[in-house]
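Q: File follows, protein14.pdb with PDB, C-alpha atoms, pLDDT in the B column:
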```pdb
MODEL        1
ATOM      1  CA  MET A   1       8.624 -19.907 -25.030  1.00 49.00           C
ATOM      2  CA  ALA A   2       6.571 -19.733 -21.804  1.00 53.00           C
ATOM      3  CA  GLY A   3       8.383 -16.493 -20.991  1.00 52.00           C
ATOM      4  CA  ARG A   4      11.862 -17.996 -21.430  1.00 66.00           C
ATOM      5  CA  ARG A   5      14.444 -16.451 -23.739  1.00 78.00           C
ATOM      6  CA  ILE A   6      16.604 -18.221 -26.323  1.00 90.00           C
ATOM      7  CA  THR A   7      20.245 -17.111 -26.489  1.00 96.00           C
ATOM      8  CA  ASP A   8      22.709 -17.779 -29.294  1.00 96.00           C
ATOM      9  CA  ALA A   9      26.466 -17.098 -29.092  1.00 97.00           C
ATOM     10  CA  SER A  10      26.345 -13.580 -30.544  1.00 97.00           C
ATOM     11  CA  THR A  11      23.438 -12.596 -28.308  1.00 96.00           C
ATOM     12  CA  LEU A  12      25.345 -13.904 -25.284  1.00 97.00           C
ATOM     13  CA  GLU A  13      28.254 -11.607 -26.137  1.00 97.00           C
ATOM     14  CA  ILE A  14      25.931  -8.602 -26.354  1.00 97.00           C
ATOM     15  CA  ILE A  15      24.053  -9.269 -23.130  1.00 96.00           C
ATOM     16  CA  THR A  16      27.313  -9.911 -21.283  1.00 97.00           C
ATOM     17  CA  MET A  17      28.525  -6.464 -22.347  1.00 97.00           C
ATOM     18  CA  VAL A  18      25.188  -4.794 -21.580  1.00 97.00           C
ATOM     19  CA  TYR A  19      24.089  -6.652 -18.431  1.00 96.00           C
ATOM     20  CA  GLY A  20      27.527  -7.245 -16.941  1.00 96.00           C
ATOM     21  CA  GLY A  21      28.927  -3.914 -18.058  1.00 97.00           C
ATOM     22  CA  LEU A  22      26.719  -0.935 -18.877  1.00 97.00           C
ATOM     23  CA  VAL A  23      23.610  -1.737 -16.841  1.00 97.00           C
ATOM     24  CA  ASN A  24      25.364  -3.299 -13.857  1.00 98.00           C
ATOM     25  CA  LYS A  25      27.945  -0.563 -13.492  1.00 98.00           C
ATOM     26  CA  ASN A  26      25.360   2.207 -13.849  1.00 98.00           C
ATOM     27  CA  ILE A  27      23.421   0.675 -10.953  1.00 97.00           C
ATOM     28  CA  VAL A  28      26.619   0.379  -8.918  1.00 98.00           C
ATOM     29  CA  ALA A  29      27.484   4.032  -9.621  1.00 98.00           C
ATOM     30  CA  LYS A  30      24.019   5.207  -8.540  1.00 98.00           C
ATOM     31  CA  LEU A  31      24.313   3.215  -5.305  1.00 98.00           C
ATOM     32  CA  GLN A  32      27.750   4.724  -4.675  1.00 98.00           C
ATOM     33  CA  ALA A  33      26.152   8.155  -5.060  1.00 98.00           C
ATOM     34  CA  LEU A  34      23.894   7.158  -2.154  1.00 97.00           C
ATOM     35  CA  GLN A  35      26.967   6.205  -0.072  1.00 98.00           C
ATOM     36  CA  ILE A  36      26.291   2.487  -0.495  1.00 97.00           C
ATOM     37  CA  ASP A  37      29.455   0.500  -1.151  1.00 98.00           C
ATOM     38  CA  ALA A  38      28.176  -1.659  -4.009  1.00 98.00           C
ATOM     39  CA  ILE A  39      30.087  -4.179  -6.064  1.00 98.00           C
ATOM     40  CA  GLY A  40      28.886  -5.386  -9.478  1.00 98.00           C
ATOM     41  CA  LEU A  41      29.065  -9.113 -10.159  1.00 98.00           C
ATOM     42  CA  THR A  42      28.192 -11.919 -12.519  1.00 98.00           C
ATOM     43  CA  GLY A  43      27.651 -15.443 -11.240  1.00 98.00           C
ATOM     44  CA  ALA A  44      31.198 -16.260 -12.396  1.00 98.00           C
ATOM     45  CA  ASP A  45      32.740 -13.802  -9.947  1.00 98.00           C
ATOM     46  CA  ALA A  46      33.900 -15.673  -6.826  1.00 97.00           C
ATOM     47  CA  ASN A  47      32.067 -18.688  -8.275  1.00 97.00           C
ATOM     48  CA  SER A  48      28.966 -17.159  -6.691  1.00 98.00           C
ATOM     49  CA  ILE A  49      26.303 -18.689  -8.973  1.00 98.00           C
ATOM     50  CA  HIS A  50      27.024 -22.001 -10.650  1.00 98.00           C
ATOM     51  CA  ALA A  51      24.651 -23.038 -13.439  1.00 98.00           C
ATOM     52  CA  GLU A  52      24.367 -25.633 -16.179  1.00 97.00           C
ATOM     53  CA  LYS A  53      23.376 -25.153 -19.779  1.00 97.00           C
ATOM     54  CA  ARG A  54      19.716 -25.999 -20.244  1.00 95.00           C
ATOM     55  CA  PRO A  55      19.394 -29.392 -21.976  1.00 93.00           C
ATOM     56  CA  VAL A  56      18.056 -29.512 -25.518  1.00 91.00           C
ATOM     57  CA  THR A  57      14.607 -31.107 -25.653  1.00 88.00           C
ATOM     58  CA  LYS A  58      11.942 -29.946 -28.083  1.00 88.00           C
ATOM     59  CA  ILE A  59      13.508 -26.503 -27.830  1.00 91.00           C
ATOM     60  CA  ASN A  60      17.173 -25.549 -27.998  1.00 93.00           C
ATOM     61  CA  TYR A  61      17.488 -22.541 -25.698  1.00 94.00           C
ATOM     62  CA  GLY A  62      21.133 -22.067 -26.610  1.00 96.00           C
ATOM     63  CA  PHE A  63      23.398 -20.513 -23.998  1.00 97.00           C
ATOM     64  CA  VAL A  64      20.777 -20.354 -21.268  1.00 96.00           C
ATOM     65  CA  GLY A  65      21.703 -21.487 -17.783  1.00 96.00           C
ATOM     66  CA  ASP A  66      19.691 -23.081 -14.997  1.00 96.00           C
ATOM     67  CA  VAL A  67      21.053 -22.345 -11.531  1.00 97.00           C
ATOM     68  CA  LYS A  68      22.479 -25.359  -9.733  1.00 97.00           C
ATOM     69  CA  GLU A  69      24.101 -23.772  -6.705  1.00 97.00           C
ATOM     70  CA  VAL A  70      24.526 -20.401  -5.015  1.00 98.00           C
ATOM     71  CA  ASN A  71      27.807 -19.918  -3.169  1.00 98.00           C
ATOM     72  CA  SER A  72      26.372 -18.357  -0.025  1.00 97.00           C
ATOM     73  CA  ASN A  73      29.824 -18.320   1.619  1.00 97.00           C
ATOM     74  CA  ALA A  74      31.226 -16.007  -1.042  1.00 97.00           C
ATOM     75  CA  ILE A  75      28.202 -13.697  -0.987  1.00 98.00           C
ATOM     76  CA  ASP A  76      28.186 -13.609   2.812  1.00 98.00           C
ATOM     77  CA  THR A  77      31.857 -12.651   2.795  1.00 98.00           C
ATOM     78  CA  LEU A  78      30.968  -9.544   0.795  1.00 97.00           C
ATOM     79  CA  ILE A  79      27.999  -8.724   3.021  1.00 97.00           C
ATOM     80  CA  THR A  80      30.092  -9.183   6.175  1.00 97.00           C
ATOM     81  CA  ALA A  81      32.656  -6.797   4.684  1.00 97.00           C
ATOM     82  CA  GLU A  82      29.776  -4.298   4.247  1.00 97.00           C
ATOM     83  CA  PHE A  83      29.659  -4.499   0.455  1.00 98.00           C
ATOM     84  CA  THR A  84      26.303  -4.648  -1.342  1.00 98.00           C
ATOM     85  CA  PRO A  85      26.474  -7.222  -4.163  1.00 98.00           C
ATOM     86  CA  VAL A  86      24.697  -6.239  -7.389  1.00 98.00           C
ATOM     87  CA  PHE A  87      24.234  -9.281  -9.609  1.00 98.00           C
ATOM     88  CA  CYS A  88      23.386  -9.258 -13.296  1.00 97.00           C
ATOM     89  CA  ALA A  89      21.642 -12.103 -15.131  1.00 96.00           C
ATOM     90  CA  ILE A  90      24.855 -13.891 -16.147  1.00 97.00           C
ATOM     91  CA  THR A  91      25.987 -17.155 -14.553  1.00 98.00           C
ATOM     92  CA  HIS A  92      28.666 -19.718 -15.495  1.00 98.00           C
ATOM     93  CA  ASP A  93      29.034 -23.472 -15.800  1.00 98.00           C
ATOM     94  CA  GLY A  94      32.387 -23.878 -14.039  1.00 97.00           C
ATOM     95  CA  ASN A  95      34.103 -24.756 -17.328  1.00 97.00           C
ATOM     96  CA  GLY A  96      34.647 -21.261 -18.679  1.00 97.00           C
ATOM     97  CA  GLN A  97      31.241 -20.828 -20.292  1.00 98.00           C
ATOM     98  CA  LEU A  98      29.065 -17.850 -19.374  1.00 98.00           C
ATOM     99  CA  LEU A  99      25.299 -18.414 -19.506  1.00 98.00           C
ATOM    100  CA  ASN A 100      22.270 -16.156 -19.787  1.00 97.00           C
ATOM    101  CA  THR A 101      20.016 -16.840 -16.812  1.00 96.00           C
ATOM    102  CA  ASN A 102      16.576 -15.419 -16.112  1.00 92.00           C
ATOM    103  CA  ALA A 103      17.059 -12.429 -13.798  1.00 93.00           C
ATOM    104  CA  ASP A 104      14.062 -13.383 -11.668  1.00 94.00           C
ATOM    105  CA  THR A 105      15.593 -16.822 -11.206  1.00 95.00           C
ATOM    106  CA  VAL A 106      18.933 -15.319 -10.183  1.00 97.00           C
ATOM    107  CA  ALA A 107      17.186 -13.133  -7.595  1.00 97.00           C
ATOM    108  CA  SER A 108      15.097 -15.968  -6.169  1.00 97.00           C
ATOM    109  CA  GLN A 109      18.001 -18.416  -6.046  1.00 98.00           C
ATOM    110  CA  ILE A 110      20.206 -15.900  -4.224  1.00 98.00           C
ATOM    111  CA  ALA A 111      17.382 -15.238  -1.741  1.00 98.00           C
ATOM    112  CA  ILE A 112      16.961 -18.993  -1.227  1.00 98.00           C
ATOM    113  CA  GLY A 113      20.699 -19.540  -0.850  1.00 97.00           C
ATOM    114  CA  MET A 114      21.055 -16.733   1.694  1.00 98.00           C
ATOM    115  CA  SER A 115      17.944 -17.819   3.641  1.00 97.00           C
ATOM    116  CA  LYS A 116      20.109 -20.385   5.412  1.00 93.00           C
ATOM    117  CA  ARG A 117      22.014 -17.496   6.989  1.00 96.00           C
ATOM    118  CA  TYR A 118      19.506 -14.634   7.066  1.00 97.00           C
ATOM    119  CA  ASP A 119      15.779 -13.935   7.181  1.00 97.00           C
ATOM    120  CA  THR A 120      15.348 -13.134   3.486  1.00 98.00           C
ATOM    121  CA  ALA A 121      12.619 -11.285   1.602  1.00 97.00           C
ATOM    122  CA  LEU A 122      12.323 -11.069  -2.178  1.00 97.00           C
ATOM    123  CA  TYR A 123      11.084  -7.918  -3.935  1.00 97.00           C
ATOM    124  CA  TYR A 124      10.411  -8.074  -7.676  1.00 96.00           C
ATOM    125  CA  CYS A 125      10.315  -4.497  -8.959  1.00 95.00           C
ATOM    126  CA  PHE A 126       8.999  -3.745 -12.431  1.00 92.00           C
ATOM    127  CA  GLU A 127       6.903  -1.112 -14.211  1.00 93.00           C
ATOM    128  CA  LEU A 128       3.470  -2.195 -12.928  1.00 93.00           C
ATOM    129  CA  ASP A 129       1.977  -1.839  -9.445  1.00 94.00           C
ATOM    130  CA  GLY A 130       1.747  -5.623  -9.125  1.00 95.00           C
ATOM    131  CA  VAL A 131       0.040  -8.644 -10.658  1.00 95.00           C
ATOM    132  CA  LEU A 132      -3.095  -7.463 -12.493  1.00 94.00           C
ATOM    133  CA  ARG A 133      -6.488  -9.134 -12.878  1.00 92.00           C
ATOM    134  CA  ASP A 134      -6.971  -7.150 -16.088  1.00 90.00           C
ATOM    135  CA  PHE A 135      -3.877  -6.039 -17.995  1.00 86.00           C
ATOM    136  CA  ASN A 136      -5.868  -3.175 -19.565  1.00 89.00           C
ATOM    137  CA  ASP A 137      -6.772  -1.880 -16.107  1.00 93.00           C
ATOM    138  CA  LYS A 138      -3.560  -0.879 -14.378  1.00 91.00           C
ATOM    139  CA  ALA A 139      -5.473  -0.360 -11.111  1.00 91.00           C
ATOM    140  CA  SER A 140      -6.657  -3.985 -10.929  1.00 94.00           C
ATOM    141  CA  VAL A 141      -3.829  -5.120  -8.658  1.00 95.00           C
ATOM    142  CA  VAL A 142      -4.167  -8.519  -6.991  1.00 96.00           C
ATOM    143  CA  GLN A 143      -2.967  -7.592  -3.515  1.00 95.00           C
ATOM    144  CA  GLN A 144      -2.791 -11.160  -2.173  1.00 96.00           C
ATOM    145  CA  LEU A 145      -1.832 -13.944  -4.581  1.00 97.00           C
ATOM    146  CA  ASP A 146      -1.724 -17.528  -3.353  1.00 97.00           C
ATOM    147  CA  THR A 147      -1.192 -20.732  -5.342  1.00 95.00           C
ATOM    148  CA  LYS A 148      -4.923 -21.349  -5.808  1.00 95.00           C
ATOM    149  CA  THR A 149      -5.568 -17.860  -7.196  1.00 95.00           C
ATOM    150  CA  TYR A 150      -2.447 -18.125  -9.352  1.00 96.00           C
ATOM    151  CA  GLN A 151      -3.608 -21.374 -10.932  1.00 95.00           C
ATOM    152  CA  LYS A 152      -7.029 -19.890 -11.723  1.00 94.00           C
ATOM    153  CA  LEU A 153      -5.586 -16.728 -13.276  1.00 93.00           C
ATOM    154  CA  ARG A 154      -3.157 -18.852 -15.286  1.00 94.00           C
ATOM    155  CA  THR A 155      -5.922 -21.152 -16.524  1.00 94.00           C
ATOM    156  CA  ASP A 156      -7.979 -18.109 -17.512  1.00 92.00           C
ATOM    157  CA  GLY A 157      -5.024 -16.755 -19.510  1.00 91.00           C
ATOM    158  CA  ILE A 158      -4.743 -13.658 -17.330  1.00 91.00           C
ATOM    159  CA  ILE A 159      -1.271 -14.608 -16.143  1.00 91.00           C
ATOM    160  CA  ALA A 160       0.880 -15.582 -19.120  1.00 87.00           C
ATOM    161  CA  ASP A 161       4.187 -15.120 -20.936  1.00 84.00           C
ATOM    162  CA  GLY A 162       6.907 -13.424 -18.880  1.00 81.00           C
ATOM    163  CA  MET A 163       4.844 -13.429 -15.692  1.00 88.00           C
ATOM    164  CA  LEU A 164       4.890 -17.231 -15.617  1.00 90.00           C
ATOM    165  CA  PRO A 165       8.584 -17.742 -14.752  1.00 87.00           C
ATOM    166  CA  LYS A 166       8.456 -14.739 -12.410  1.00 91.00           C
ATOM    167  CA  LEU A 167       5.621 -16.209 -10.367  1.00 95.00           C
ATOM    168  CA  GLU A 168       7.030 -19.724 -10.505  1.00 94.00           C
ATOM    169  CA  ASN A 169      10.173 -18.291  -8.931  1.00 95.00           C
ATOM    170  CA  CYS A 170       8.061 -16.540  -6.298  1.00 97.00           C
ATOM    171  CA  PHE A 171       6.379 -19.735  -5.137  1.00 97.00           C
ATOM    172  CA  ASP A 172       9.612 -21.709  -5.345  1.00 97.00           C
ATOM    173  CA  ALA A 173      11.297 -19.131  -3.105  1.00 98.00           C
ATOM    174  CA  LEU A 174       8.551 -19.362  -0.477  1.00 98.00           C
ATOM    175  CA  LYS A 175       8.748 -23.154  -0.511  1.00 97.00           C
ATOM    176  CA  SER A 176      12.536 -23.054  -0.165  1.00 97.00           C
ATOM    177  CA  GLY A 177      13.151 -20.804   2.830  1.00 97.00           C
ATOM    178  CA  VAL A 178      12.410 -17.222   1.748  1.00 98.00           C
ATOM    179  CA  SER A 179      10.049 -15.653   4.280  1.00 98.00           C
ATOM    180  CA  GLN A 180       8.352 -12.948   2.192  1.00 97.00           C
ATOM    181  CA  VAL A 181       7.854 -12.263  -1.530  1.00 98.00           C
ATOM    182  CA  TYR A 182       6.408  -9.117  -3.123  1.00 97.00           C
ATOM    183  CA  ILE A 183       5.809  -7.862  -6.676  1.00 97.00           C
ATOM    184  CA  GLY A 184       5.245  -4.233  -7.672  1.00 96.00           C
ATOM    185  CA  ASN A 185       6.976  -1.056  -8.765  1.00 95.00           C
ATOM    186  CA  THR A 186       9.714   0.597  -6.735  1.00 93.00           C
ATOM    187  CA  GLY A 187       7.073   2.480  -4.748  1.00 92.00           C
ATOM    188  CA  MET A 188       6.410  -0.681  -2.735  1.00 93.00           C
ATOM    189  CA  LEU A 189       9.760  -0.142  -1.015  1.00 91.00           C
ATOM    190  CA  SER A 190       8.191   2.849   0.733  1.00 86.00           C
ATOM    191  CA  LYS A 191       6.335   2.186   3.988  1.00 80.00           C
ATOM    192  CA  GLU A 192       3.593   4.578   2.874  1.00 82.00           C
ATOM    193  CA  ASN A 193       2.662   2.474  -0.168  1.00 86.00           C
ATOM    194  CA  ASP A 194       0.523  -0.656   0.180  1.00 87.00           C
ATOM    195  CA  ASN A 195      -0.530  -1.017  -3.462  1.00 92.00           C
ATOM    196  CA  PHE A 196       1.447  -4.082  -4.567  1.00 96.00           C
ATOM    197  CA  THR A 197       1.109  -7.872  -4.670  1.00 97.00           C
ATOM    198  CA  THR A 198       2.071 -10.054  -1.729  1.00 97.00           C
ATOM    199  CA  ILE A 199       2.746 -13.669  -2.711  1.00 97.00           C
ATOM    200  CA  THR A 200       1.712 -16.434  -0.308  1.00 97.00           C
ATOM    201  CA  LEU A 201       1.442 -20.212  -0.572  1.00 94.00           C
TER
ENDMDL
END
```
Now that the file is in, can you turn its structure into structure tokens?

A:
Amino acid sequence: MAGRRITDASTLEIITMVYGGLVNKNIVAKLQALQIDAIGLTGADANSIHAEKRPVTKINYGFVGDVKEVNSNAIDTLITAEFTPVFCAITHDGNGQLLNTNADTVASQIAIGMSKRYDTALYYCFELDGVLRDFNDKASVVQQLDTKTYQKLRTDGIIADGMLPKLENCFDALKSGVSQVYIGNTGMLSKENDNFTTITL
């Protein structure tokens, strides 16, 4: 559904256990091994990410949440105390209901929320080197992607499915206070690597 997932009640239980438990805590443990004091969170913790259940239109997405507000005060309290927050893709509606929320959206909304306090940059790390002009050619990285190029690649069907919400979040972040946005594999975090996609307006 344009790269968006549908979540029923049983699936929500599973992803809460996996995202909020197994995956999140494994990441926290690996950061602790690097002497980084990390703390694993969902959006419900400290009311840090408030969302609302996506309205039913032509599609019923189930227990999927759209972010309404990021509690930058709560997150900044952790940062000031020298903790590194590690969020999973679970938010809440303020009425006791957990919601599955696109992880790219969670990342961009946190970056936007914290941009009022810090100079924020957003790095989307995944298995590819960046946005590709040809999915069958893993070396065809688009190193600079602006809105005009994005629209053309989308019209041509080159950018589709799960990349759509990811890139929509990228442009939304840049329009909403985030200073820099990048997409690539974890190698882009190294100063020696320049093979990734930089997103610009």

Q: Please compute the CA of Val131 in chain A-CA of Ile183 in chain A distance, one decimal, in Å.

A: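 CA of Ile183 in chain A lies at a distance of 7.1 Å from CA of Val131 in chain A.
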
Q: Which value, in Å to one decimal, gives the distance between CA of Glu13 in chain A and CA of Glu69 in chain A?

A: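 About the pair CA of Glu13 in chain A and CA of Glu69 in chain A: they are 23.3 Å apart.
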
Q: Would you pick out the contacts of Met114 in chain A at 12 Å or less, using only C-alpha atoms, so that residues sharing its chain but fewer than 3 positions from it are not included, and give the list as a CSV table (one decimal) with C-alpha atoms, keeping the file's coordinate frame?

A:
```
chain,number,residue,atom,x,y,z
A,48,SER,CA,29.0,-17.2,-6.7
A,69,GLU,CA,24.1,-23.8,-6.7
A,70,VAL,CA,24.5,-20.4,-5.0
A,71,ASN,CA,27.8,-19.9,-3.2
A,72,SER,CA,26.4,-18.4,0.0
A,73,ASN,CA,29.8,-18.3,1.6
A,74,ALA,CA,31.2,-16.0,-1.0
A,75,ILE,CA,28.2,-13.7,-1.0
A,76,ASP,CA,28.2,-13.6,2.8
A,77,THR,CA,31.9,-12.7,2.8
A,79,ILE,CA,28.0,-8.7,3.0
A,107,ALA,CA,17.2,-13.1,-7.6
A,108,SER,CA,15.1,-16.0,-6.2
A,109,GLN,CA,18.0,-18.4,-6.0
A,110,ILE,CA,20.2,-15.9,-4.2
A,111,ALA,CA,17.4,-15.2,-1.7
A,117,ARG,CA,22.0,-17.5,7.0
A,118,TYR,CA,19.5,-14.6,7.1
A,119,ASP,CA,15.8,-13.9,7.2
A,120,THR,CA,15.3,-13.1,3.5
A,121,ALA,CA,12.6,-11.3,1.6
A,122,LEU,CA,12.3,-11.1,-2.2
A,173,ALA,CA,11.3,-19.1,-3.1
A,176,SER,CA,12.5,-23.1,-0.2
A,177,GLY,CA,13.2,-20.8,2.8
A,178,VAL,CA,12.4,-17.2,1.7
A,179,SER,CA,10.0,-15.7,4.3
```

Q: What is the CA of Asp161 in chain A to CA of Leu189 in chain A distance in Å?

A: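 Computed distance, CA of Asp161 in chain A to CA of Leu189 in chain A, equals 25.5 Å.
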
Q: List the residues matched by the PyMOL selection byres ((chain A and resi 50) around 8) in the displayed structure as a list in words, ordered by chain and then by residue number.

A: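 On this input, the PyMOL selection byres ((chain A and resi 50) around 8) captures Gly43, Ala44, Asn47, Ser48, Ile49, Ala51, Glu52, Val67, Lys68, Glu69, Val70, Asn71, Thr91, His92, Asp93 and Gly94 of chain A.
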
Q: Selection in question (the file shown): the PyMOL selection byres ((chain A and resi 194) around 12). Which residues does it include, as a PyMOL selection string?

A: chain A and resi 129-130+141-144+182-193+195-198

Q: Would you kindly translate the PyMOL selection byres ((chain A and resi 54) around 12) into the concrete residues it picks from this file, as a list in words?

A: Arg4, Arg5, Ile6, Thr7, Ala51, Glu52, Lys53, Pro55, Val56, Thr57, Lys58, Ile59, Asn60, Tyr61, Gly62, Phe63, Val64, Gly65, Asp66, Val67, Lys68, His92, Asp93, Leu99, Asn100, Thr101 and Asn102 of chain A

Q: Select, from A:Ile199, A:Asp146, A:Val181, A:Leu41, the residue with the minimum atom-to-atom distance to Ala89 in chain A, counting only C-alpha atoms.

A: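 Ranked by minimum distance to Ala89 in chain A, first place goes to A:Leu41.
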
Q: Would you mind telling me which residue in A:Leu98, A:Val86, A:Cys170, A:Gly162 lies nearest to Tyr123 in chain A when using only C-alpha atoms?

A: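 Distance minimum relative to Tyr123 in chain A lands on A:Cys170.
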
Q: Complete range 91-107 of chain A with N, CA and C atoms (output as a tab-separated table (two decimals), in the frame of the given file).

A:
```tsv
chain	number	residue	atom	x	y	z
A	91	THR	N	25.40	-16.15	-15.43
A	91	THR	CA	25.99	-17.16	-14.55
A	91	THR	C	27.12	-17.85	-15.31
A	92	HIS	N	27.62	-18.97	-14.78
A	92	HIS	CA	28.67	-19.72	-15.50
A	92	HIS	C	28.54	-21.20	-15.15
A	93	ASP	N	29.18	-22.02	-15.98
A	93	ASP	CA	29.03	-23.47	-15.80
A	93	ASP	C	30.24	-24.12	-15.12
A	94	GLY	N	31.20	-23.33	-14.69
A	94	GLY	CA	32.39	-23.88	-14.04
A	94	GLY	C	33.45	-24.35	-15.00
A	95	ASN	N	33.16	-24.31	-16.30
A	95	ASN	CA	34.10	-24.76	-17.33
A	95	ASN	C	34.46	-23.64	-18.31
A	96	GLY	N	34.28	-22.40	-17.85
A	96	GLY	CA	34.65	-21.26	-18.68
A	96	GLY	C	33.54	-20.71	-19.54
A	97	GLN	N	32.34	-21.27	-19.44
A	97	GLN	CA	31.24	-20.83	-20.29
A	97	GLN	C	30.26	-19.95	-19.49
A	98	LEU	N	30.09	-18.72	-19.94
A	98	LEU	CA	29.06	-17.85	-19.37
A	98	LEU	C	27.70	-18.26	-19.91
A	99	LEU	N	26.66	-18.03	-19.12
A	99	LEU	CA	25.30	-18.41	-19.51
A	99	LEU	C	24.31	-17.32	-19.15
A	100	ASN	N	23.35	-17.10	-20.04
A	100	ASN	CA	22.27	-16.16	-19.79
A	100	ASN	C	21.25	-16.84	-18.89
A	101	THR	N	20.95	-16.24	-17.76
A	101	THR	CA	20.02	-16.84	-16.81
A	101	THR	C	18.94	-15.83	-16.45
A	102	ASN	N	17.71	-16.28	-16.43
A	102	ASN	CA	16.58	-15.42	-16.11
A	102	ASN	C	16.87	-14.61	-14.84
A	103	ALA	N	16.72	-13.30	-14.93
A	103	ALA	CA	17.06	-12.43	-13.80
A	103	ALA	C	16.20	-12.71	-12.57
A	104	ASP	N	14.94	-13.04	-12.79
A	104	ASP	CA	14.06	-13.38	-11.67
A	104	ASP	C	14.55	-14.64	-10.98
A	105	THR	N	15.05	-15.59	-11.77
A	105	THR	CA	15.59	-16.82	-11.21
A	105	THR	C	16.85	-16.53	-10.40
A	106	VAL	N	17.72	-15.69	-10.92
A	106	VAL	CA	18.93	-15.32	-10.18
A	106	VAL	C	18.56	-14.71	-8.83
A	107	ALA	N	17.60	-13.78	-8.85
A	107	ALA	CA	17.19	-13.13	-7.60
A	107	ALA	C	16.61	-14.13	-6.60
```
